[in-house]
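> What follows is protein_25.cif; its format and atoms are mmCIF, C-alpha atoms (C1' of nucleotides).
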```cif
data_query
#
loop_
_atom_site.label_atom_id
_atom_site.label_comp_id
_atom_site.auth_asym_id
_atom_site.auth_seq_id
_atom_site.Cartn_x
_atom_site.Cartn_y
_atom_site.Cartn_z
CA MET X 25 8.02 -23.12 -37.47
CA PRO X 26 5.62 -20.28 -36.83
CA ALA X 27 6.47 -16.64 -36.13
CA GLU X 28 8.86 -16.34 -33.20
CA GLY X 29 7.46 -14.42 -30.23
CA LEU X 30 8.51 -14.73 -26.62
CA SER X 31 9.88 -17.96 -25.26
CA ARG X 32 8.94 -19.53 -21.94
CA ASP X 33 12.49 -19.08 -20.77
CA ALA X 34 12.09 -15.34 -21.10
CA TYR X 35 9.22 -15.54 -18.63
CA TYR X 36 11.32 -17.61 -16.26
CA GLU X 37 14.26 -15.24 -16.18
CA ALA X 38 11.98 -12.23 -15.84
CA GLY X 39 10.23 -14.01 -12.99
CA LEU X 40 13.51 -14.62 -11.17
CA ASP X 41 14.39 -10.96 -11.61
CA LEU X 42 11.09 -9.89 -10.13
CA LEU X 43 11.55 -12.27 -7.21
CA ALA X 44 15.01 -10.91 -6.51
CA GLU X 45 13.79 -7.33 -6.56
CA GLY X 46 10.47 -7.44 -4.77
CA GLY X 47 10.10 -10.89 -3.28
CA HIS X 48 7.20 -13.12 -4.14
CA GLY X 49 4.84 -10.18 -3.80
CA GLY X 50 6.45 -8.62 -6.82
CA LEU X 51 5.88 -11.64 -9.01
CA THR X 52 2.58 -10.83 -10.71
CA ILE X 53 1.34 -11.48 -14.20
CA ALA X 54 1.01 -7.77 -14.82
CA ALA X 55 4.58 -7.10 -13.69
CA LEU X 56 5.88 -9.95 -15.80
CA CYS X 57 4.12 -8.69 -18.91
CA GLU X 58 5.15 -5.10 -18.35
CA ARG X 59 8.77 -6.15 -18.02
CA LEU X 60 8.58 -8.17 -21.21
CA GLY X 61 6.73 -5.48 -23.10
CA VAL X 62 3.61 -7.53 -23.71
CA THR X 63 0.14 -7.84 -22.22
CA LYS X 64 -1.64 -10.62 -20.41
CA GLY X 65 -2.76 -12.13 -23.68
CA SER X 66 0.80 -13.27 -24.21
CA PHE X 67 1.12 -14.81 -20.76
CA TYR X 68 -2.07 -16.82 -21.06
CA HIS X 69 -1.01 -17.97 -24.47
CA HIS X 70 2.15 -19.55 -23.06
CA PHE X 71 0.78 -20.73 -19.71
CA GLY X 72 -2.57 -22.04 -18.60
CA ASP X 73 -2.67 -20.12 -15.36
CA MET X 74 -0.45 -18.71 -12.64
CA ALA X 75 -0.13 -22.03 -10.81
CA GLU X 76 1.20 -23.73 -13.90
CA TYR X 77 3.66 -20.92 -14.49
CA VAL X 78 4.91 -21.07 -10.91
CA ALA X 79 5.43 -24.82 -11.11
CA LEU X 80 7.41 -24.47 -14.33
CA LEU X 81 9.37 -21.52 -12.96
CA LEU X 82 10.39 -23.55 -9.94
CA GLY X 83 11.41 -26.42 -12.16
CA HIS X 84 13.51 -24.05 -14.23
CA TRP X 85 15.11 -22.67 -11.09
CA GLU X 86 15.90 -26.13 -9.74
CA ALA X 87 17.41 -27.31 -12.99
CA GLU X 88 19.24 -24.19 -14.13
CA HIS X 89 20.34 -22.52 -10.94
CA ALA X 90 19.89 -24.42 -7.69
CA THR X 91 21.53 -27.72 -8.45
CA ARG X 92 24.20 -26.61 -10.86
CA LEU X 93 26.96 -26.07 -8.32
CA ILE X 94 26.03 -29.23 -6.50
CA ALA X 95 26.72 -31.28 -9.56
CA LEU X 96 29.85 -29.25 -10.19
CA SER X 97 31.32 -29.97 -6.80
CA ALA X 98 30.57 -33.68 -6.93
CA SER X 99 33.99 -34.37 -8.37
CA VAL X 100 35.89 -32.33 -5.80
CA THR X 101 37.29 -34.26 -2.88
CA ASP X 102 39.44 -31.71 -1.12
CA PRO X 103 37.52 -30.26 1.85
CA GLU X 104 38.79 -26.72 1.33
CA GLU X 105 37.92 -26.72 -2.34
CA ARG X 106 34.50 -28.04 -1.50
CA PHE X 107 33.94 -25.19 0.86
CA ASP X 108 34.92 -22.68 -1.74
CA LEU X 109 32.23 -24.16 -3.94
CA LEU X 110 29.70 -24.04 -1.14
CA GLN X 111 30.61 -20.44 -0.74
CA GLY X 112 29.98 -20.01 -4.43
CA ILE X 113 26.49 -21.38 -3.99
CA ALA X 114 25.81 -18.64 -1.50
CA VAL X 115 27.24 -15.61 -3.21
CA GLY X 116 27.42 -16.62 -6.85
CA LEU X 117 23.74 -17.07 -7.57
CA PRO X 118 22.21 -14.85 -10.20
CA HIS X 119 19.50 -12.38 -9.29
CA GLY X 120 19.52 -13.18 -5.59
CA ALA X 121 16.29 -15.03 -6.17
CA GLU X 122 17.46 -17.75 -3.82
CA ALA X 123 16.58 -15.91 -0.63
CA ALA X 124 13.32 -14.64 -2.08
CA ILE X 125 12.27 -18.17 -2.99
CA ARG X 126 13.14 -19.35 0.50
CA ALA X 127 11.01 -16.62 2.03
CA TRP X 128 8.25 -17.42 -0.47
CA SER X 129 8.32 -21.07 0.51
CA TRP X 130 6.94 -20.07 3.88
CA ASN X 131 3.70 -19.04 2.19
CA SER X 132 3.27 -21.60 -0.57
CA ALA X 133 3.16 -25.36 -0.34
CA VAL X 134 4.43 -26.00 -3.85
CA VAL X 135 7.31 -23.58 -3.38
CA ALA X 136 8.12 -25.21 -0.08
CA ALA X 137 8.23 -28.60 -1.78
CA ALA X 138 10.64 -27.37 -4.43
CA GLN X 139 12.78 -25.66 -1.83
CA GLN X 140 12.88 -28.82 0.22
CA ARG X 141 13.99 -30.87 -2.75
CA VAL X 142 16.88 -28.49 -3.28
CA ASP X 143 17.76 -28.46 0.40
CA GLN X 144 17.72 -32.21 0.65
CA ALA X 145 19.93 -32.53 -2.42
CA ARG X 146 22.43 -30.08 -0.98
CA LEU X 147 22.24 -31.71 2.43
CA SER X 148 22.85 -35.21 1.20
CA HIS X 149 25.67 -34.03 -0.98
CA LEU X 150 27.36 -32.21 1.87
CA THR X 151 26.89 -35.21 4.13
CA GLU X 152 28.40 -37.50 1.58
CA ALA X 153 31.31 -35.13 1.18
CA GLY X 154 31.91 -35.23 4.92
CA VAL X 155 31.81 -39.00 5.00
CA ASP X 156 34.24 -39.19 2.13
CA ALA X 157 36.55 -36.89 4.06
CA GLY X 158 36.59 -39.27 7.00
CA LEU X 159 33.81 -38.10 9.31
CA GLU X 160 31.44 -40.57 10.86
CA PRO X 161 27.98 -40.36 9.18
CA ALA X 162 26.05 -38.88 12.11
CA ARG X 163 28.61 -36.17 12.65
CA ALA X 164 28.87 -35.51 8.94
CA ARG X 165 25.14 -34.93 8.79
CA ARG X 166 25.20 -32.48 11.69
CA MET X 167 28.05 -30.63 10.06
CA ALA X 168 26.15 -30.52 6.80
CA LYS X 169 23.15 -29.03 8.57
CA ILE X 170 25.32 -26.43 10.20
CA SER X 171 26.98 -25.51 6.93
CA LEU X 172 23.69 -25.22 5.10
CA SER X 173 22.15 -23.29 7.94
CA VAL X 174 24.98 -20.80 7.87
CA LEU X 175 24.47 -20.40 4.15
CA ILE X 176 20.76 -19.77 4.59
CA GLY X 177 21.17 -17.62 7.65
CA MET X 178 23.77 -15.37 6.11
CA GLN X 179 21.58 -14.90 3.07
CA LEU X 180 18.74 -13.65 5.23
CA LEU X 181 20.81 -11.87 7.85
CA GLU X 182 22.35 -9.38 5.46
CA ARG X 183 20.41 -7.98 2.57
CA PRO X 184 21.92 -7.49 0.20
CA ALA X 185 24.55 -10.07 1.06
CA ARG X 186 27.88 -8.40 1.61
CA ARG X 187 30.54 -10.37 -0.11
CA ALA X 188 33.37 -9.50 2.27
CA SER X 189 31.39 -10.32 5.38
CA MET X 190 30.31 -13.63 3.92
CA ASP X 191 33.88 -14.48 2.99
CA ASP X 192 35.00 -13.88 6.56
CA VAL X 193 32.37 -16.12 8.04
CA PHE X 194 32.92 -18.87 5.52
CA ALA X 195 36.65 -18.76 6.08
CA GLU X 196 36.10 -19.18 9.80
CA LEU X 197 33.75 -22.07 9.21
CA ARG X 198 36.07 -23.71 6.73
CA ASN X 199 38.95 -23.65 9.18
CA TRP X 200 36.74 -25.36 11.69
CA VAL X 201 35.55 -28.06 9.31
CA VAL X 202 39.03 -28.77 8.08
CA ALA X 203 40.33 -29.00 11.62
CA GLU X 204 37.52 -31.33 12.64
CA ASP X 205 38.09 -33.32 9.50
CA SER X 206 41.78 -33.73 10.32
CA ALA X 207 40.93 -34.71 13.87
CA GLY X 208 38.46 -37.27 12.56
CA ARG X 209 41.10 -38.87 10.43
CA ALA X 210 43.82 -38.75 13.08
CA MET O 23 -13.76 3.32 32.48
CA PRO O 24 -16.03 2.55 29.57
CA ALA O 25 -17.42 -0.82 28.58
CA GLU O 26 -14.62 -3.35 28.15
CA GLY O 27 -14.36 -4.81 24.67
CA LEU O 28 -11.31 -6.27 22.99
CA SER O 29 -7.84 -5.05 23.87
CA ARG O 30 -5.10 -4.27 21.41
CA ASP O 31 -3.03 -7.05 22.88
CA ALA O 32 -5.67 -9.53 21.82
CA TYR O 33 -5.13 -8.39 18.23
CA TYR O 34 -1.39 -8.76 18.60
CA GLU O 35 -1.47 -12.30 19.90
CA ALA O 36 -4.03 -13.31 17.30
CA GLY O 37 -1.82 -11.74 14.65
CA LEU O 38 1.20 -13.76 15.80
CA ASP O 39 -0.92 -16.90 15.69
CA LEU O 40 -1.98 -16.17 12.15
CA LEU O 41 1.61 -15.48 11.13
CA ALA O 42 2.76 -18.76 12.59
CA GLU O 43 0.05 -20.70 10.82
CA GLY O 44 -0.13 -19.14 7.40
CA GLY O 45 2.79 -16.78 7.09
CA HIS O 46 2.30 -13.13 6.32
CA GLY O 47 -0.26 -14.03 3.67
CA GLY O 48 -2.52 -15.32 6.41
CA LEU O 49 -2.45 -12.09 8.32
CA THR O 50 -5.50 -10.26 7.01
CA ILE O 51 -8.00 -8.02 8.73
CA ALA O 52 -10.78 -10.44 7.92
CA ALA O 53 -8.87 -13.38 9.39
CA LEU O 54 -8.03 -11.41 12.51
CA CYS O 55 -11.64 -10.42 13.07
CA GLU O 56 -12.96 -13.90 12.39
CA ARG O 57 -10.54 -15.36 14.91
CA LEU O 58 -11.56 -12.79 17.52
CA GLY O 59 -15.25 -13.20 16.81
CA VAL O 60 -15.79 -9.63 15.66
CA THR O 61 -16.09 -7.76 12.39
CA LYS O 62 -14.00 -5.12 10.70
CA GLY O 63 -15.77 -2.39 12.61
CA SER O 64 -13.88 -3.51 15.70
CA PHE O 65 -10.52 -3.51 14.00
CA TYR O 66 -10.90 -0.03 12.60
CA HIS O 67 -12.04 1.18 15.96
CA HIS O 68 -8.78 0.08 17.57
CA PHE O 69 -6.40 0.83 14.69
CA GLY O 70 -6.33 3.51 12.03
CA ASP O 71 -5.35 1.18 9.22
CA MET O 72 -3.39 -1.96 8.47
CA ALA O 73 -0.04 -0.18 8.35
CA GLU O 74 -0.51 1.18 11.85
CA TYR O 75 -1.52 -2.22 13.11
CA VAL O 76 1.52 -3.87 11.58
CA ALA O 77 3.85 -1.30 13.11
CA LEU O 78 2.32 -1.82 16.55
CA LEU O 79 2.32 -5.58 16.12
CA LEU O 80 6.03 -5.54 15.34
CA GLY O 81 6.69 -3.36 18.34
CA HIS O 82 4.78 -5.80 20.50
CA TRP O 83 6.76 -8.68 19.08
CA GLU O 84 10.08 -6.95 19.64
CA ALA O 85 9.26 -6.03 23.20
CA GLU O 86 7.41 -9.12 24.35
CA HIS O 87 9.02 -11.96 22.46
CA ALA O 88 12.15 -11.20 20.48
CA THR O 89 14.32 -9.45 23.03
CA ARG O 90 13.18 -11.17 26.17
CA LEU O 91 15.74 -13.97 26.16
CA ILE O 92 18.49 -11.58 25.20
CA ALA O 93 17.96 -9.59 28.33
CA LEU O 94 17.65 -12.79 30.29
CA SER O 95 20.99 -14.15 29.16
CA ALA O 96 22.82 -10.90 29.81
CA SER O 97 23.67 -12.02 33.32
CA VAL O 98 24.99 -15.42 32.32
CA THR O 99 28.74 -15.67 31.88
CA ASP O 100 29.30 -19.37 31.37
CA PRO O 101 29.62 -20.14 27.64
CA GLU O 102 27.67 -23.38 27.81
CA GLU O 103 24.80 -21.83 29.71
CA ARG O 104 24.71 -19.02 27.24
CA PHE O 105 24.40 -21.46 24.41
CA ASP O 106 21.53 -23.18 26.11
CA LEU O 107 19.79 -19.84 26.24
CA LEU O 108 20.53 -19.18 22.60
CA GLN O 109 19.00 -22.53 21.89
CA GLY O 110 15.99 -21.41 23.86
CA ILE O 111 15.63 -18.39 21.60
CA ALA O 112 15.39 -20.74 18.67
CA VAL O 113 13.02 -23.39 19.90
CA GLY O 114 11.25 -21.76 22.81
CA LEU O 115 9.47 -19.01 20.94
CA PRO O 116 5.71 -18.94 21.11
CA HIS O 117 3.68 -19.49 17.96
CA GLY O 118 6.67 -20.00 15.71
CA ALA O 119 6.00 -16.52 14.39
CA GLU O 120 9.72 -15.87 14.35
CA ALA O 121 10.38 -17.63 11.07
CA ALA O 122 7.24 -16.21 9.49
CA ILE O 123 8.30 -12.69 10.36
CA ARG O 124 11.72 -13.30 8.92
CA ALA O 125 10.19 -14.52 5.68
CA TRP O 126 7.80 -11.59 5.74
CA SER O 127 10.68 -9.14 6.13
CA TRP O 128 11.76 -10.01 2.62
CA ASN O 129 8.59 -8.39 1.30
CA SER O 130 8.09 -5.45 3.59
CA ALA O 131 10.46 -2.63 4.40
CA VAL O 132 9.01 -1.89 7.83
CA VAL O 133 9.13 -5.56 8.79
CA ALA O 134 12.70 -5.75 7.55
CA ALA O 135 13.62 -2.79 9.71
CA ALA O 136 12.13 -4.39 12.81
CA GLN O 137 13.80 -7.69 12.01
CA GLN O 138 17.12 -5.97 11.58
CA ARG O 139 16.82 -4.23 14.92
CA VAL O 140 16.27 -7.59 16.58
CA ASP O 141 19.11 -9.20 14.68
CA GLN O 142 21.53 -6.43 15.54
CA ALA O 143 20.60 -6.64 19.20
CA ARG O 144 21.17 -10.37 19.22
CA LEU O 145 24.37 -10.03 17.25
CA SER O 146 25.91 -7.42 19.49
CA HIS O 147 24.92 -9.37 22.55
CA LEU O 148 26.46 -12.57 21.24
CA THR O 149 29.61 -10.72 20.24
CA GLU O 150 29.89 -9.18 23.65
CA ALA O 151 29.43 -12.57 25.22
CA GLY O 152 32.25 -13.97 23.13
CA VAL O 153 34.57 -11.13 24.09
CA ASP O 154 33.74 -11.65 27.74
CA ALA O 155 34.61 -15.30 27.30
CA GLY O 156 38.06 -14.41 26.04
CA LEU O 157 37.77 -14.26 22.26
CA GLU O 158 39.29 -11.42 20.31
CA PRO O 159 36.60 -9.01 19.06
CA ALA O 160 36.85 -9.76 15.35
CA ARG O 161 36.66 -13.47 15.93
CA ALA O 162 33.87 -13.06 18.43
CA ARG O 163 31.83 -11.19 15.83
CA ARG O 164 32.37 -13.89 13.21
CA MET O 165 31.35 -16.51 15.71
CA ALA O 166 28.26 -14.52 16.60
CA LYS O 167 27.28 -14.33 12.95
CA ILE O 168 27.75 -18.03 12.56
CA SER O 169 25.67 -18.80 15.63
CA LEU O 170 22.86 -16.51 14.58
CA SER O 171 22.98 -17.82 11.04
CA VAL O 172 22.65 -21.37 12.29
CA LEU O 173 19.69 -20.32 14.38
CA ILE O 174 17.99 -18.69 11.41
CA GLY O 175 18.94 -21.41 8.97
CA MET O 176 17.66 -24.21 11.16
CA GLN O 177 14.40 -22.38 11.62
CA LEU O 178 13.87 -22.22 7.88
CA LEU O 179 15.45 -25.54 6.99
CA GLU O 180 13.01 -27.64 8.95
CA ARG O 181 9.39 -26.69 9.22
CA PRO O 182 8.11 -27.28 11.71
CA ALA O 183 11.37 -27.13 13.64
CA ARG O 184 12.15 -30.56 15.04
CA ARG O 185 13.34 -30.17 18.59
CA ALA O 186 15.61 -33.20 18.64
CA SER O 187 17.35 -32.32 15.42
CA MET O 188 17.93 -28.80 16.60
CA ASP O 189 19.34 -30.01 19.87
CA ASP O 190 21.84 -32.18 18.02
CA VAL O 191 23.07 -29.36 15.87
CA PHE O 192 23.29 -26.92 18.72
CA ALA O 193 25.18 -29.39 20.84
CA GLU O 194 27.69 -29.83 18.03
CA LEU O 195 28.05 -26.10 17.68
CA ARG O 196 28.36 -25.58 21.40
CA ASN O 197 31.20 -28.04 21.66
CA TRP O 198 33.00 -26.17 18.98
CA VAL O 199 32.52 -22.78 20.57
CA VAL O 200 33.60 -24.03 23.95
CA ALA O 201 36.65 -25.66 22.47
CA GLU O 202 37.55 -22.48 20.59
CA ASP O 203 36.90 -20.51 23.71
CA SER O 204 39.26 -22.66 25.75
CA ALA O 205 41.88 -22.46 23.01
CA GLY O 206 41.51 -18.71 22.96
CA ARG O 207 42.18 -18.53 26.68
CA ALA O 208 45.02 -21.05 26.62
"C1'" DC S 28 -3.38 -15.88 -52.51
"C1'" DT S 29 -5.88 -18.56 -49.35
"C1'" DG S 30 -6.49 -21.27 -45.07
"C1'" DG S 31 -4.56 -22.35 -40.73
"C1'" DT S 32 -1.67 -21.51 -36.95
"C1'" DT S 33 0.97 -18.79 -33.83
"C1'" DC S 34 1.24 -14.93 -30.96
"C1'" DC S 35 -0.62 -11.33 -28.66
"C1'" DA S 36 -3.85 -6.88 -27.76
"C1'" DT S 37 -8.16 -5.36 -26.02
"C1'" DA S 38 -11.94 -5.52 -23.24
"C1'" DC S 39 -14.36 -7.42 -19.75
"C1'" DC S 40 -15.44 -10.39 -15.60
"C1'" DT S 41 -14.68 -12.11 -10.74
"C1'" DT S 42 -12.78 -12.29 -6.31
"C1'" DA S 43 -10.35 -10.84 -2.23
"C1'" DA S 44 -8.66 -7.49 0.59
"C1'" DG S 45 -8.24 -2.81 2.43
"C1'" DG S 46 -10.93 0.97 3.62
"C1'" DT S 47 -15.22 4.12 4.78
"C1'" DA S 48 -19.68 5.70 6.56
"C1'" DT S 49 -23.21 5.18 9.51
"C1'" DG S 50 -26.08 3.54 13.09
"C1'" DG S 51 -27.00 1.14 17.22
"C1'" DA S 52 -26.33 -1.23 21.68
"C1'" DA S 53 -24.15 -0.97 26.11
"C1'" DC S 54 -22.32 1.45 29.63
"C1'" DC S 55 -21.08 5.30 32.70
"C1'" DG S 56 -21.04 9.96 34.95
"C1'" DG S 57 -23.92 13.39 36.40
"C1'" DC T 6 -32.97 9.26 33.34
"C1'" DC T 7 -30.09 11.60 30.05
"C1'" DG T 8 -26.01 12.81 27.11
"C1'" DG T 9 -21.76 11.25 25.79
"C1'" DT T 10 -18.46 7.85 24.94
"C1'" DT T 11 -16.95 3.24 23.91
"C1'" DC T 12 -17.27 -0.58 21.07
"C1'" DC T 13 -18.69 -2.82 17.27
"C1'" DA T 14 -22.17 -4.54 13.27
"C1'" DT T 15 -23.78 -3.64 8.70
"C1'" DA T 16 -23.44 -2.05 4.29
"C1'" DC T 17 -21.01 -0.22 0.80
"C1'" DC T 18 -16.92 1.50 -1.95
"C1'" DT T 19 -12.29 0.96 -4.25
"C1'" DT T 20 -8.36 -1.26 -5.95
"C1'" DA T 21 -5.41 -4.95 -7.47
"C1'" DA T 22 -4.79 -9.27 -9.21
"C1'" DG T 23 -6.16 -13.56 -11.50
"C1'" DG T 24 -8.77 -15.13 -15.24
"C1'" DT T 25 -11.68 -15.26 -19.81
"C1'" DA T 26 -13.34 -14.26 -24.51
"C1'" DT T 27 -12.59 -12.53 -28.73
"C1'" DG T 28 -10.45 -10.54 -32.60
"C1'" DG T 29 -6.61 -9.29 -35.33
"C1'" DA T 30 -1.89 -9.15 -37.25
"C1'" DA T 31 1.87 -11.82 -38.91
"C1'" DC T 32 3.57 -15.72 -40.84
"C1'" DC T 33 4.02 -20.09 -43.24
"C1'" DA T 34 2.31 -24.12 -46.21
"C1'" DG T 35 0.10 -25.39 -50.10
#
```
Do you think you could lay out the structure here as structure tokens?


Amino acid sequence: MPAEGLSRDAYYEAGLDLLAEGGHGGLTIAALCERLGVTKGSFYHHFGDMAEYVALLLGHWEAEHATRLIALSASVTDPEERFDLLQGIAVGLPHGAEAAIRAWSWNSAVVAAAQQRVDQARLSHLTEAGVDAGLEPARARRMAKISLSVLIGMQLLERPARRASMDDVFAELRNWVVAEDSAGRA
Amino acid sequence: MPAEGLSRDAYYEAGLDLLAEGGHGGLTIAALCERLGVTKGSFYHHFGDMAEYVALLLGHWEAEHATRLIALSASVTDPEERFDLLQGIAVGLPHGAEAAIRAWSWNSAVVAAAQQRVDQARLSHLTEAGVDAGLEPARARRMAKISLSVLIGMQLLERPARRASMDDVFAELRNWVVAEDSAGRA
DNA sequence: CTGGTTCCATACCTTAAGGTATGGAACCGG
DNA sequence: CCGGTTCCATACCTTAAGGTATGGAACCAG
């Protein structure tokens, strides 16, 4: 083992911080290095170029942050509990980088691809949850789209996201889903 | 009247086109001038600098595109008709610059301010519509947030926005609102 | 203590985008 | 036909950001 300097993970977390604070415009090599107390020599030692770093950063985000709660809620069958977890996806993310990445995806093809992978994973999971709860597949998919859209929309509608306001909206939505779910099973 | 060259409106419409195609990263002075068949000399003749142009562009967008359907639906009282109009806000916009501007607002304070003005106008109008339809104010506001969030979320969830898919989701949502509305009046 | 490797600083290059300065063509009023 | 204004082309400057080349300090293996 050689001398321990910075790890790649340090660059990932710093990158997510920068995204949360200044959007994708704030994510520059200079800003990264300044935050980590190093110069560009360090960055280009760990990564070939910016494109490679971005790809790895997105992979880190997908694995460590975006899909964690999805996997967590896979074992939950109660509709209300599931909605609490969905709520957690919205308000419990670290750094608030989620919304910044979504905005960024409008300007970058690779970011859009990563974002779409995450969205599709969440969408299929929500759909499956609805089906398990007794909804017919087509309706379950529409409901999943609505739920996910509300999550995304609330993230972008209020910045920073107000916890109380989000709780209100999600409570309203949950009541609806549960009611529809009961009607579907009746 | 002097010799007629380009108008400012031409720069605005070209700017919205560029936003729709390449996001805010595609909106550059060089791209604008290339699209209009002129050089930078023309741009700096009509506008002092980029910041001034952006401010005017946003004003043009607010006045000509964002708030038009809001004013239009102000006279409609039937909940279902109103939802059709809301749907029109989502899918009937020219250029698809709406979503690009929303993404852009994450990186620019002035854009965020303009976006927020539009959002607040839509939100208050939707809330008022719900109250007129018989909902209690607090619930009407939550419903308005949900509706607007779905609109925003669907815009960003599917790119380009698929008309059929959006219709499905909005139909589902409309049924819900109408049902809640009837329940509220019962 | 010597050679190699890791990790990073320094200095420089290149490109893209905003911005400026100036001149010229067209057009119009007088 | 003449002076002024409008409208824009050309050329150049400046800055910020990505990228490169090189050297040096620290550290470990042998």

> Show me, as JSON, the centre and edge lengths in Å to one decimal of the axis-aligned box that covers every listed atom of region 28-37 of chain S with 6 Å on each side.


```
{"center_x": -3.5, "center_y": -13.9, "center_z": -39.3, "size_x": 21.4, "size_y": 29.0, "size_z": 38.5}
```

> Go ahead and compute the interatomic distance for C1' of DT37 (chain S) and CA of Thr52 (chain X), in Å to one decimal.

19.5 Å

> Once you count only C-alpha atoms (C1' of nucleotides), which residues of chain S turn out to be within 7 Å of chain X? Could you give them as a VMD selection string?

chain S and resid 33 to 36

> Starting from the PyMOL selection byres ((chain O) within 8 of (chain X)), expand the selection into actual residues of this file and give them as a PyMOL selection string.

chain O and resi 44-47+122+124-126+128-129+138+141+164-165+167-168+170-176+178-179+190-191+194-195

> How close does chain T get to chain X? List, as a tab-separated table, each residue of chain T within 9 Å, its nearest atom pair and the distance in Å to one decimal, counting all atoms listed in the file.


```
residue	atom	partner	partner_atom	distance
T:DA22	C1'	X:Thr52	CA	7.7
T:DG23	C1'	X:Met74	CA	7.8
T:DG24	C1'	X:Asp73	CA	7.9
T:DA31	C1'	X:Ala27	CA	7.2
T:DC32	C1'	X:Ala27	CA	5.6
T:DC33	C1'	X:Pro26	CA	6.6
```

> Which residues would end up in the selection if the PyMOL selection byres ((chain S and resi 50) around 9) were applied here, given that I need the answer as a ChimeraX atom specification?

/S:49,51 /T:14-15

> What would the file look like if the residues just selected were written as a CSV table (one decimal), keeping the file's coordinate frame with C-alpha atoms (C1' of nucleotides)?


```
chain,number,residue,atom,x,y,z
S,49,DT,C1',-23.2,5.2,9.5
S,51,DG,C1',-27.0,1.1,17.2
T,14,DA,C1',-22.2,-4.5,13.3
T,15,DT,C1',-23.8,-3.6,8.7
```

> How far is it from CA of Leu81 (chain X) to CA of Ala137 (chain X), in Å with one decimal?

13.3 Å

> With only C-alpha atoms (C1' of nucleotides) as the counted atoms, please give the residues lying no more than 10 Å from DA21 (chain T), apart from itself and same-chain residues fewer than 2 positions off, as a tab-separated table (two decimals) with C-alpha atoms (C1' of nucleotides), in the frame of the given file.


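Done, and the output landed in selection-v8.tsv:
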```tsv
chain	number	residue	atom	x	y	z
S	43	DA	C1'	-10.35	-10.84	-2.23
S	44	DA	C1'	-8.66	-7.49	0.59
T	19	DT	C1'	-12.29	0.96	-4.25
T	23	DG	C1'	-6.16	-13.56	-11.50
```

> Just the number, please: distance in Å from CA of Asp102 (chain X) to CA of Ser148 (chain X), one decimal.

17.1 Å

> Could you list as a PyMOL selection string every residue that has an atom within 9 Å of (-3.0, -18.3, -53.9), using the file's coordinates and counting all atoms listed in the file?

(chain S and resi 28-29) or (chain T and resi 35)

> Once the PyMOL selection byres ((chain S and resi 38) around 9) has been applied to the shown file, what residues remain in the selection, as a ChimeraX atom specification?

/S:37,39 /T:26-27
